[in-house]
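Novice: Submitted below is the structure of interest, expressed as structure tokens.
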Amino acid sequence: MSAFAYKNGSLHAENLNLADLAEKHGTPLYVYSWQQMADTYNGLANAVSDFDATIVYAIKANSALGVVKSFKDLGAGADVVSIGELKIALAAGVDPRKIVFAGVAKQQHELVFALQNNILQINVESLPELLMLEQVAAEMGVVAPVALRVNPNVDAKTHAKITTGKAENKFGVEFPQAIEMAEYCKKSTSLSLDALAMHIGSQLMDLSPFRAAYRKLAALAKEIGGLKRLDLGGGLGIKYKDEVVIDPVDYAAVLKDEVAPVGLPILLEPGRSLIAHPCMTPTITLSRWLSRRL
Ligand SMILES: Cc1ncc(COP(=O)(O)O)c(C=O)c1O
């Protein structure tokens, strides 16, 4: 149920009148419903409670400190894609052991900072990135916790610009290369291959791409062996008009079928689906401003 509803003709966030908030604080104003954030987060967390699952909120969806801290208070970790987002997660008090550093083309100084802060895993998207991470870790005298982002070549059936799991997309390595990179990690004294990661796209409204991708990921995980966890990405869609969204319970059923048999803990990286609906941005329009002056 939405925390944003009309009462006596004016839009409210829980019990607060948005027009009053806009007058008081000025606009554009970002108004969040803690209750709806909690309900949304707990809806997913409860659906996957049979698994050893950690939800790492994808900060790129909304990096406001209060939002990140709220999800941290609900039990979430963080999925970050830059040193800036990593600093936000740490400032919000997120446990570094629940922080995943994803994103393409991380810079050396970002890797150094991530390793200094002993975060859970660094998602590597290419061989050059793996080699850079190995060198940074060797110079620091530490072992880098690696998750290899793989590309399952599955069509997420979402908008082309937010489809990331097809072979022609730039994200992640193809399976044969992942196997070679896994072998490389096993021989390296500065790399620990802890996980496989994937994220096939955003705003998915259909479970079948998840099922197909997770089935492939599970088979690859078994082939590579010795992993500590699987990172399943984000991608759950939200309702903009009259779309039917994926129920977290149905999503969990796919995880049970496809991922549970591997017997590894899982990470989920939802962004949009956690924060889109609990947030509103009231704006005072020019006509309203004029009508107050006339
Ligand atoms: C690697 C990765 N994980 C998670 C997410 C979050 O996806 P969503 O907001 O669709 O849940 C994204 C979004 O781009 C991503 O690239």
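Residues are named by chain letter and number: chains run A, B, ... in the order of the structure tokens, numbers start at 1 in each chain, and ligands are numbered from 1 in the order shown.
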Which residues come within 12 Å of region 234-245 of chain A, counting only C-alpha atoms, excluding same-chain residues fewer than 4 positions away, as an mmCIF file with N, CA and C atoms, in the first residue's frame?
Specialist:
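Saved the output as result-v4.cif:
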```cif
data_model
loop_
_atom_site.group_PDB
_atom_site.id
_atom_site.type_symbol
_atom_site.label_atom_id
_atom_site.label_comp_id
_atom_site.auth_asym_id
_atom_site.auth_seq_id
_atom_site.Cartn_x
_atom_site.Cartn_y
_atom_site.Cartn_z
ATOM 1 N N SER A 2 0.454 2.269 -0.769
ATOM 2 C CA SER A 2 1.290 3.466 -0.832
ATOM 3 C C SER A 2 1.095 4.333 0.396
ATOM 4 N N THR A 40 8.692 -2.092 1.944
ATOM 5 C CA THR A 40 9.250 -2.589 0.681
ATOM 6 C C THR A 40 10.461 -3.479 0.949
ATOM 7 N N LEU A 44 10.778 -7.878 0.538
ATOM 8 C CA LEU A 44 11.793 -8.687 -0.146
ATOM 9 C C LEU A 44 12.552 -9.557 0.860
ATOM 10 N N ILE A 55 20.747 -8.452 1.429
ATOM 11 C CA ILE A 55 20.296 -7.457 0.452
ATOM 12 C C ILE A 55 21.273 -6.286 0.512
ATOM 13 N N VAL A 56 21.937 -6.020 -0.608
ATOM 14 C CA VAL A 56 22.841 -4.866 -0.653
ATOM 15 C C VAL A 56 22.166 -3.808 -1.542
ATOM 16 N N TYR A 57 21.723 -2.746 -0.909
ATOM 17 C CA TYR A 57 20.985 -1.702 -1.617
ATOM 18 C C TYR A 57 21.900 -1.029 -2.651
ATOM 19 N N ALA A 58 21.459 -0.980 -3.904
ATOM 20 C CA ALA A 58 22.257 -0.355 -4.969
ATOM 21 C C ALA A 58 22.120 1.162 -4.846
ATOM 22 N N ILE A 59 23.157 1.765 -4.278
ATOM 23 C CA ILE A 59 23.111 3.187 -3.910
ATOM 24 C C ILE A 59 22.867 4.096 -5.103
ATOM 25 N N LYS A 60 23.226 3.635 -6.300
ATOM 26 C CA LYS A 60 23.036 4.495 -7.469
ATOM 27 C C LYS A 60 21.568 4.897 -7.638
ATOM 28 N N ALA A 61 20.657 4.107 -7.080
ATOM 29 C CA ALA A 61 19.230 4.421 -7.225
ATOM 30 C C ALA A 61 18.863 5.708 -6.480
ATOM 31 N N ALA A 78 25.365 -2.455 1.105
ATOM 32 C CA ALA A 78 25.348 -1.479 0.016
ATOM 33 C C ALA A 78 26.125 -1.996 -1.187
ATOM 34 N N ASP A 79 25.568 -1.692 -2.359
ATOM 35 C CA ASP A 79 26.244 -1.947 -3.628
ATOM 36 C C ASP A 79 26.670 -0.576 -4.143
ATOM 37 N N ALA A 102 30.848 -2.611 -7.167
ATOM 38 C CA ALA A 102 30.577 -3.025 -8.549
ATOM 39 C C ALA A 102 30.978 -1.876 -9.485
ATOM 40 N N ALA A 156 17.045 -9.655 -21.056
ATOM 41 C CA ALA A 156 16.208 -9.336 -19.889
ATOM 42 C C ALA A 156 14.816 -8.863 -20.287
ATOM 43 N N LYS A 157 14.580 -8.681 -21.571
ATOM 44 C CA LYS A 157 13.272 -8.224 -22.094
ATOM 45 C C LYS A 157 12.836 -6.921 -21.444
ATOM 46 N N THR A 158 13.803 -6.035 -21.274
ATOM 47 C CA THR A 158 13.481 -4.719 -20.748
ATOM 48 C C THR A 158 13.988 -3.688 -21.758
ATOM 49 N N HIS A 159 14.030 -2.416 -21.397
ATOM 50 C CA HIS A 159 14.467 -1.368 -22.316
ATOM 51 C C HIS A 159 15.917 -1.629 -22.754
ATOM 52 N N ILE A 162 18.854 -0.378 -20.716
ATOM 53 C CA ILE A 162 19.103 -0.897 -19.362
ATOM 54 C C ILE A 162 19.140 -2.425 -19.394
ATOM 55 N N THR A 163 19.499 -2.950 -20.558
ATOM 56 C CA THR A 163 19.726 -4.387 -20.707
ATOM 57 C C THR A 163 21.231 -4.623 -20.612
ATOM 58 N N THR A 164 21.645 -5.461 -19.684
ATOM 59 C CA THR A 164 23.089 -5.600 -19.452
ATOM 60 C C THR A 164 23.575 -7.044 -19.513
ATOM 61 N N GLY A 165 22.677 -7.988 -19.817
ATOM 62 C CA GLY A 165 23.071 -9.390 -19.738
ATOM 63 C C GLY A 165 23.183 -10.099 -21.071
ATOM 64 N N ALA A 197 29.239 -12.908 -9.972
ATOM 65 C CA ALA A 197 28.200 -11.870 -9.903
ATOM 66 C C ALA A 197 27.565 -11.715 -11.272
ATOM 67 N N MET A 198 26.290 -11.355 -11.270
ATOM 68 C CA MET A 198 25.656 -10.980 -12.537
ATOM 69 C C MET A 198 24.537 -9.976 -12.273
ATOM 70 N N HIS A 199 24.251 -9.191 -13.275
ATOM 71 C CA HIS A 199 23.119 -8.246 -13.223
ATOM 72 C C HIS A 199 22.670 -8.096 -14.668
ATOM 73 N N ILE A 200 21.496 -8.629 -14.981
ATOM 74 C CA ILE A 200 21.137 -8.724 -16.407
ATOM 75 C C ILE A 200 20.355 -7.518 -16.918
ATOM 76 N N GLY A 201 20.000 -6.606 -16.030
ATOM 77 C CA GLY A 201 19.288 -5.418 -16.486
ATOM 78 C C GLY A 201 18.388 -4.883 -15.404
ATOM 79 N N SER A 202 17.752 -3.767 -15.713
ATOM 80 C CA SER A 202 16.872 -3.124 -14.742
ATOM 81 C C SER A 202 15.437 -3.097 -15.267
ATOM 82 N N GLN A 203 14.525 -2.869 -14.325
ATOM 83 C CA GLN A 203 13.103 -2.747 -14.667
ATOM 84 C C GLN A 203 12.596 -4.018 -15.356
ATOM 85 N N LEU A 204 12.964 -5.173 -14.805
ATOM 86 C CA LEU A 204 12.445 -6.448 -15.340
ATOM 87 C C LEU A 204 11.023 -6.675 -14.822
ATOM 88 N N MET A 205 10.157 -7.080 -15.731
ATOM 89 C CA MET A 205 8.768 -7.322 -15.355
ATOM 90 C C MET A 205 8.415 -8.793 -15.507
ATOM 91 N N ASP A 206 9.387 -9.578 -15.901
ATOM 92 C CA ASP A 206 9.140 -10.973 -16.250
ATOM 93 C C ASP A 206 10.189 -11.833 -15.545
ATOM 94 N N LEU A 207 9.755 -12.929 -14.978
ATOM 95 C CA LEU A 207 10.689 -13.781 -14.232
ATOM 96 C C LEU A 207 11.550 -14.665 -15.122
ATOM 97 N N PRO A 209 13.644 -14.259 -17.692
ATOM 98 C CA PRO A 209 15.081 -13.967 -17.857
ATOM 99 C C PRO A 209 15.879 -14.250 -16.583
ATOM 100 N N PHE A 210 15.293 -13.923 -15.423
ATOM 101 C CA PHE A 210 15.986 -14.238 -14.167
ATOM 102 C C PHE A 210 16.234 -15.755 -14.096
ATOM 103 N N VAL A 249 7.753 -12.886 -3.661
ATOM 104 C CA VAL A 249 7.566 -14.305 -3.314
ATOM 105 C C VAL A 249 7.802 -15.184 -4.556
ATOM 106 N N ASP A 250 7.340 -14.712 -5.713
ATOM 107 C CA ASP A 250 7.563 -15.480 -6.952
ATOM 108 C C ASP A 250 9.046 -15.455 -7.345
ATOM 109 N N TYR A 251 9.673 -14.311 -7.095
ATOM 110 C CA TYR A 251 11.118 -14.203 -7.361
ATOM 111 C C TYR A 251 11.873 -15.207 -6.483
ATOM 112 N N ALA A 252 11.468 -15.279 -5.214
ATOM 113 C CA ALA A 252 12.130 -16.213 -4.290
ATOM 114 C C ALA A 252 11.931 -17.655 -4.742
ATOM 115 N N LEU A 267 23.761 -12.791 -2.524
ATOM 116 C CA LEU A 267 23.606 -11.340 -2.391
ATOM 117 C C LEU A 267 22.576 -10.891 -3.413
ATOM 118 N N LEU A 268 21.711 -9.973 -3.013
ATOM 119 C CA LEU A 268 20.766 -9.349 -3.950
ATOM 120 C C LEU A 268 21.071 -7.862 -3.975
ATOM 121 N N GLU A 269 21.030 -7.261 -5.162
ATOM 122 C CA GLU A 269 21.435 -5.849 -5.318
ATOM 123 C C GLU A 269 20.289 -4.972 -5.824
ATOM 124 N N PRO A 270 19.153 -4.949 -5.176
ATOM 125 C CA PRO A 270 18.061 -4.119 -5.704
ATOM 126 C C PRO A 270 18.312 -2.626 -5.458
ATOM 127 N N GLY A 271 17.884 -1.810 -6.395
ATOM 128 C CA GLY A 271 17.991 -0.360 -6.239
ATOM 129 C C GLY A 271 16.625 0.273 -6.399
ATOM 130 N N ARG A 272 16.248 0.448 -7.660
ATOM 131 C CA ARG A 272 14.982 1.115 -8.001
ATOM 132 C C ARG A 272 13.788 0.564 -7.218
ATOM 133 N N SER A 273 13.684 -0.768 -7.138
ATOM 134 C CA SER A 273 12.479 -1.354 -6.535
ATOM 135 C C SER A 273 12.371 -1.051 -5.049
ATOM 136 N N LEU A 274 13.492 -0.678 -4.399
ATOM 137 C CA LEU A 274 13.413 -0.370 -2.967
ATOM 138 C C LEU A 274 13.042 1.077 -2.700
ATOM 139 N N ILE A 275 13.483 1.993 -3.580
ATOM 140 C CA ILE A 275 13.354 3.408 -3.204
ATOM 141 C C ILE A 275 12.402 4.213 -4.092
ATOM 142 N N ALA A 276 12.042 3.709 -5.257
ATOM 143 C CA ALA A 276 11.255 4.559 -6.172
ATOM 144 C C ALA A 276 9.919 4.978 -5.570
ATOM 145 N N HIS A 277 9.143 4.026 -5.098
ATOM 146 C CA HIS A 277 7.811 4.386 -4.618
ATOM 147 C C HIS A 277 7.788 5.083 -3.253
ATOM 148 N N PRO A 278 8.747 4.796 -2.367
ATOM 149 C CA PRO A 278 8.719 5.516 -1.076
ATOM 150 C C PRO A 278 9.178 6.967 -1.174
#
```
Novice: Check region 83-278 of chain A with DSSP on the backbone and list each residue it calls alpha helix (DSSP H), as number ranges by chain.
Specialist: A: 83-91, 108-116, 127-140, 175-187, 207-224, 248-258, 272-275
Novice: Please produce a file of those selected residues containing C-alpha atoms, as a tab-separated table (two decimals), in the first residue's frame.
Specialist:
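selection-v9.tsv written:
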```
chain	number	residue	atom	x	y	z
A	83	ILE	CA	34.67	5.81	-4.21
A	84	GLY	CA	32.08	8.54	-3.62
A	85	GLU	CA	29.30	6.00	-3.13
A	86	LEU	CA	31.61	3.88	-0.98
A	87	LYS	CA	32.26	6.89	1.27
A	88	ILE	CA	28.51	7.51	1.52
A	89	ALA	CA	27.93	3.89	2.55
A	90	LEU	CA	30.64	4.09	5.21
A	91	ALA	CA	29.35	7.46	6.45
A	108	GLN	CA	43.50	2.38	-8.78
A	109	HIS	CA	42.95	4.81	-5.93
A	110	GLU	CA	39.38	3.52	-5.59
A	111	LEU	CA	40.63	-0.05	-5.32
A	112	VAL	CA	43.18	1.00	-2.70
A	113	PHE	CA	40.45	2.68	-0.63
A	114	ALA	CA	38.16	-0.35	-0.97
A	115	LEU	CA	40.91	-2.73	0.16
A	116	GLN	CA	41.93	-0.44	3.03
A	127	LEU	CA	40.72	-9.14	-17.35
A	128	PRO	CA	42.50	-5.75	-17.29
A	129	GLU	CA	40.53	-4.83	-14.17
A	130	LEU	CA	41.49	-8.14	-12.55
A	131	LEU	CA	45.17	-7.55	-13.32
A	132	MET	CA	45.01	-4.02	-11.95
A	133	LEU	CA	43.35	-5.25	-8.77
A	134	GLU	CA	46.00	-7.96	-8.38
A	135	GLN	CA	48.78	-5.41	-8.69
A	136	VAL	CA	47.16	-3.01	-6.21
A	137	ALA	CA	46.58	-5.82	-3.71
A	138	ALA	CA	50.14	-7.13	-4.12
A	139	GLU	CA	51.59	-3.67	-3.48
A	140	MET	CA	49.43	-3.36	-0.36
A	175	PHE	CA	31.60	-17.83	-19.44
A	176	PRO	CA	34.70	-19.30	-21.15
A	177	GLN	CA	36.71	-16.23	-20.15
A	178	ALA	CA	35.29	-16.41	-16.62
A	179	ILE	CA	36.63	-19.95	-16.32
A	180	GLU	CA	40.08	-18.79	-17.43
A	181	MET	CA	40.00	-15.84	-15.03
A	182	ALA	CA	38.90	-18.15	-12.22
A	183	GLU	CA	41.92	-20.36	-12.92
A	184	TYR	CA	44.12	-17.27	-12.87
A	185	CYS	CA	42.71	-16.21	-9.48
A	186	LYS	CA	43.33	-19.65	-8.03
A	187	LYS	CA	47.03	-19.36	-8.87
A	207	LEU	CA	10.69	-13.78	-14.23
A	208	SER	CA	11.81	-15.90	-17.17
A	209	PRO	CA	15.08	-13.97	-17.86
A	210	PHE	CA	15.99	-14.24	-14.17
A	211	ARG	CA	15.32	-17.97	-14.28
A	212	ALA	CA	17.38	-18.50	-17.43
A	213	ALA	CA	20.29	-16.40	-16.16
A	214	TYR	CA	20.36	-17.92	-12.68
A	215	ARG	CA	20.26	-21.43	-14.14
A	216	LYS	CA	23.36	-20.64	-16.20
A	217	LEU	CA	25.07	-18.96	-13.24
A	218	ALA	CA	24.42	-21.97	-11.00
A	219	ALA	CA	25.94	-24.33	-13.58
A	220	LEU	CA	29.01	-22.12	-13.93
A	221	ALA	CA	29.40	-21.87	-10.14
A	222	LYS	CA	29.39	-25.65	-9.89
A	223	GLU	CA	31.97	-25.92	-12.67
A	224	ILE	CA	34.32	-23.34	-11.11
A	248	PRO	CA	9.10	-10.96	-4.35
A	249	VAL	CA	7.57	-14.31	-3.31
A	250	ASP	CA	7.56	-15.48	-6.95
A	251	TYR	CA	11.12	-14.20	-7.36
A	252	ALA	CA	12.13	-16.21	-4.29
A	253	ALA	CA	10.54	-19.31	-5.84
A	254	VAL	CA	12.86	-18.91	-8.83
A	255	LEU	CA	15.82	-18.63	-6.46
A	256	LYS	CA	14.68	-21.80	-4.74
A	257	ASP	CA	14.51	-23.70	-8.04
A	258	GLU	CA	17.64	-22.38	-9.71
A	272	ARG	CA	14.98	1.11	-8.00
A	273	SER	CA	12.48	-1.35	-6.53
A	274	LEU	CA	13.41	-0.37	-2.97
A	275	ILE	CA	13.35	3.41	-3.20
```
Novice: Using only C-alpha atoms, which residues sit within 12 Å of Lys7 (chain A) once same-chain residues fewer than 5 positions away are excluded, as JSON, numbers by chain?
Specialist: {"A": [12, 13, 14, 15, 16, 17, 18, 19]}
Novice: Atoms to include: C-alpha atoms. Write the selected residues as a short mmCIF file (atom, residue, chain, number, x, y, z; two decimals), in the first residue's frame.
Specialist:
```
data_model
loop_
_atom_site.label_atom_id
_atom_site.label_comp_id
_atom_site.auth_asym_id
_atom_site.auth_seq_id
_atom_site.Cartn_x
_atom_site.Cartn_y
_atom_site.Cartn_z
CA HIS A 12 -0.18 13.37 2.08
CA ALA A 13 2.97 11.41 2.90
CA GLU A 14 1.85 9.22 5.80
CA ASN A 15 0.23 11.91 8.01
CA LEU A 16 2.02 14.93 6.57
CA ASN A 17 0.46 17.25 4.02
CA LEU A 18 2.89 17.57 1.10
CA ALA A 19 1.73 21.11 0.26
#
```
Novice: Please identify which residues in region 45-232 of chain A DSSP calls strand (DSSP E) from the backbone, and express them as a PyMOL selection string.
Specialist: chain A and resi 53-58+77-80+99-101+121-124+144-149+191-197+229-231
Novice: Hey, what's within 12 Å of Gly75 (chain A) if we count only C-alpha atoms and toss same-chain stuff fewer than 4 positions away? As a PyMOL selection string, please?
Specialist: chain A and resi 38+41-42+44-46+53-57+68-71+93-95+98
Novice: Selection from above, N, CA, C and O atoms, as a CSV table (one decimal), in the first residue's frame, can you write it?
Specialist:
```
chain,number,residue,atom,x,y,z
A,38,ALA,N,10.4,0.7,4.8
A,38,ALA,CA,10.5,-0.5,5.6
A,38,ALA,C,9.6,-1.6,5.0
A,38,ALA,O,10.1,-2.8,4.9
A,41,TYR,N,11.3,-3.0,1.8
A,41,TYR,CA,12.5,-3.8,2.1
A,41,TYR,C,12.1,-5.1,2.8
A,41,TYR,O,12.6,-6.2,2.4
A,42,ASN,N,11.2,-5.0,3.8
A,42,ASN,CA,10.9,-6.2,4.5
A,42,ASN,C,10.1,-7.2,3.6
A,42,ASN,O,10.2,-8.4,3.8
A,44,LEU,N,10.8,-7.9,0.5
A,44,LEU,CA,11.8,-8.7,-0.1
A,44,LEU,C,12.6,-9.6,0.9
A,44,LEU,O,12.8,-10.8,0.6
A,45,ALA,N,12.9,-8.9,2.0
A,45,ALA,CA,13.7,-9.7,3.0
A,45,ALA,C,12.9,-10.9,3.5
A,45,ALA,O,13.5,-12.0,3.6
A,46,ASN,N,11.6,-10.7,3.7
A,46,ASN,CA,10.8,-11.9,4.2
A,46,ASN,C,10.7,-12.9,3.1
A,46,ASN,O,10.7,-14.1,3.4
A,53,ALA,N,20.7,-15.0,2.7
A,53,ALA,CA,20.7,-13.9,1.7
A,53,ALA,C,21.0,-12.6,2.4
A,53,ALA,O,20.5,-12.3,3.5
A,54,THR,N,21.8,-11.7,1.7
A,54,THR,CA,22.0,-10.4,2.1
A,54,THR,C,21.6,-9.4,1.0
A,54,THR,O,21.9,-9.6,-0.1
A,55,ILE,N,20.7,-8.5,1.4
A,55,ILE,CA,20.3,-7.5,0.5
A,55,ILE,C,21.3,-6.3,0.5
A,55,ILE,O,21.4,-5.7,1.6
A,56,VAL,N,21.9,-6.0,-0.6
A,56,VAL,CA,22.8,-4.9,-0.7
A,56,VAL,C,22.2,-3.8,-1.5
A,56,VAL,O,22.0,-4.0,-2.7
A,57,TYR,N,21.7,-2.7,-0.9
A,57,TYR,CA,21.0,-1.7,-1.6
A,57,TYR,C,21.9,-1.0,-2.7
A,57,TYR,O,23.0,-0.6,-2.3
A,68,VAL,N,20.3,5.8,2.5
A,68,VAL,CA,21.3,4.7,2.7
A,68,VAL,C,21.3,4.3,4.2
A,68,VAL,O,21.3,3.1,4.5
A,69,LYS,N,21.2,5.3,5.1
A,69,LYS,CA,21.2,4.9,6.5
A,69,LYS,C,19.9,4.2,6.9
A,69,LYS,O,20.0,3.2,7.7
A,70,SER,N,18.8,4.6,6.3
A,70,SER,CA,17.6,3.9,6.6
A,70,SER,C,17.6,2.5,6.2
A,70,SER,O,17.2,1.6,7.0
A,71,PHE,N,18.1,2.2,5.0
A,71,PHE,CA,18.2,0.8,4.6
A,71,PHE,C,19.2,0.0,5.4
A,71,PHE,O,19.0,-1.1,5.7
A,93,GLY,N,27.2,4.3,8.0
A,93,GLY,CA,27.4,3.2,9.0
A,93,GLY,C,27.2,1.8,8.5
A,93,GLY,O,27.0,0.9,9.3
A,94,VAL,N,27.2,1.7,7.1
A,94,VAL,CA,27.0,0.3,6.6
A,94,VAL,C,28.3,-0.5,6.9
A,94,VAL,O,29.4,0.0,6.8
A,95,ASP,N,28.0,-1.7,7.4
A,95,ASP,CA,29.1,-2.6,7.7
A,95,ASP,C,30.0,-2.9,6.5
A,95,ASP,O,29.4,-3.4,5.5
A,98,LYS,N,29.4,-5.8,4.4
A,98,LYS,CA,28.2,-5.9,3.6
A,98,LYS,C,28.3,-5.0,2.4
A,98,LYS,O,27.2,-4.5,1.9
```
Novice: Excluding Asn151 (chain A) and its own-chain neighbours fewer than 6 positions away, which residues fall within 6 Å of it when counting only C-alpha atoms? Please give them as an mmCIF file with N, CA and C atoms, in the first residue's frame.
Specialist:
```
data_model
loop_
_atom_site.group_PDB
_atom_site.id
_atom_site.type_symbol
_atom_site.label_atom_id
_atom_site.label_comp_id
_atom_site.auth_asym_id
_atom_site.auth_seq_id
_atom_site.Cartn_x
_atom_site.Cartn_y
_atom_site.Cartn_z
ATOM 1 N N GLY A 165 22.677 -7.988 -19.817
ATOM 2 C CA GLY A 165 23.071 -9.390 -19.738
ATOM 3 C C GLY A 165 23.183 -10.099 -21.071
ATOM 4 N N GLY A 172 30.362 -7.431 -17.930
ATOM 5 C CA GLY A 172 30.694 -8.784 -17.503
ATOM 6 C C GLY A 172 31.445 -9.568 -18.558
ATOM 7 N N VAL A 173 32.043 -10.673 -18.112
ATOM 8 C CA VAL A 173 32.815 -11.498 -19.053
ATOM 9 C C VAL A 173 32.007 -12.731 -19.439
ATOM 10 N N GLU A 174 32.281 -13.215 -20.634
ATOM 11 C CA GLU A 174 31.573 -14.417 -21.085
ATOM 12 C C GLU A 174 32.092 -15.630 -20.323
#
```
Novice: Between CA of Ser192 (chain A) and CA of Val150 (chain A), what is the spacing in Å?
Specialist: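 So the answer is 16.4 Å.
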Novice: How many Å separate CA of Asn169 (chain A) from CA of Ser63 (chain A)?
Specialist: 25.5 Å
Novice: Identify which of the residues A:Ala76, A:Leu29, A:Ile119, A:Val100 lies closest to ligand 1, counting only C-alpha atoms and all ligand atoms when measuring atom-to-atom distances.
Specialist: A:Val100
Novice: Given the choices A:Ala47, A:Val104, A:Val31, A:Val67, which gets closest to ligand 1 if the distance is worked out from only C-alpha atoms and all ligand atoms?
Specialist: A:Val104
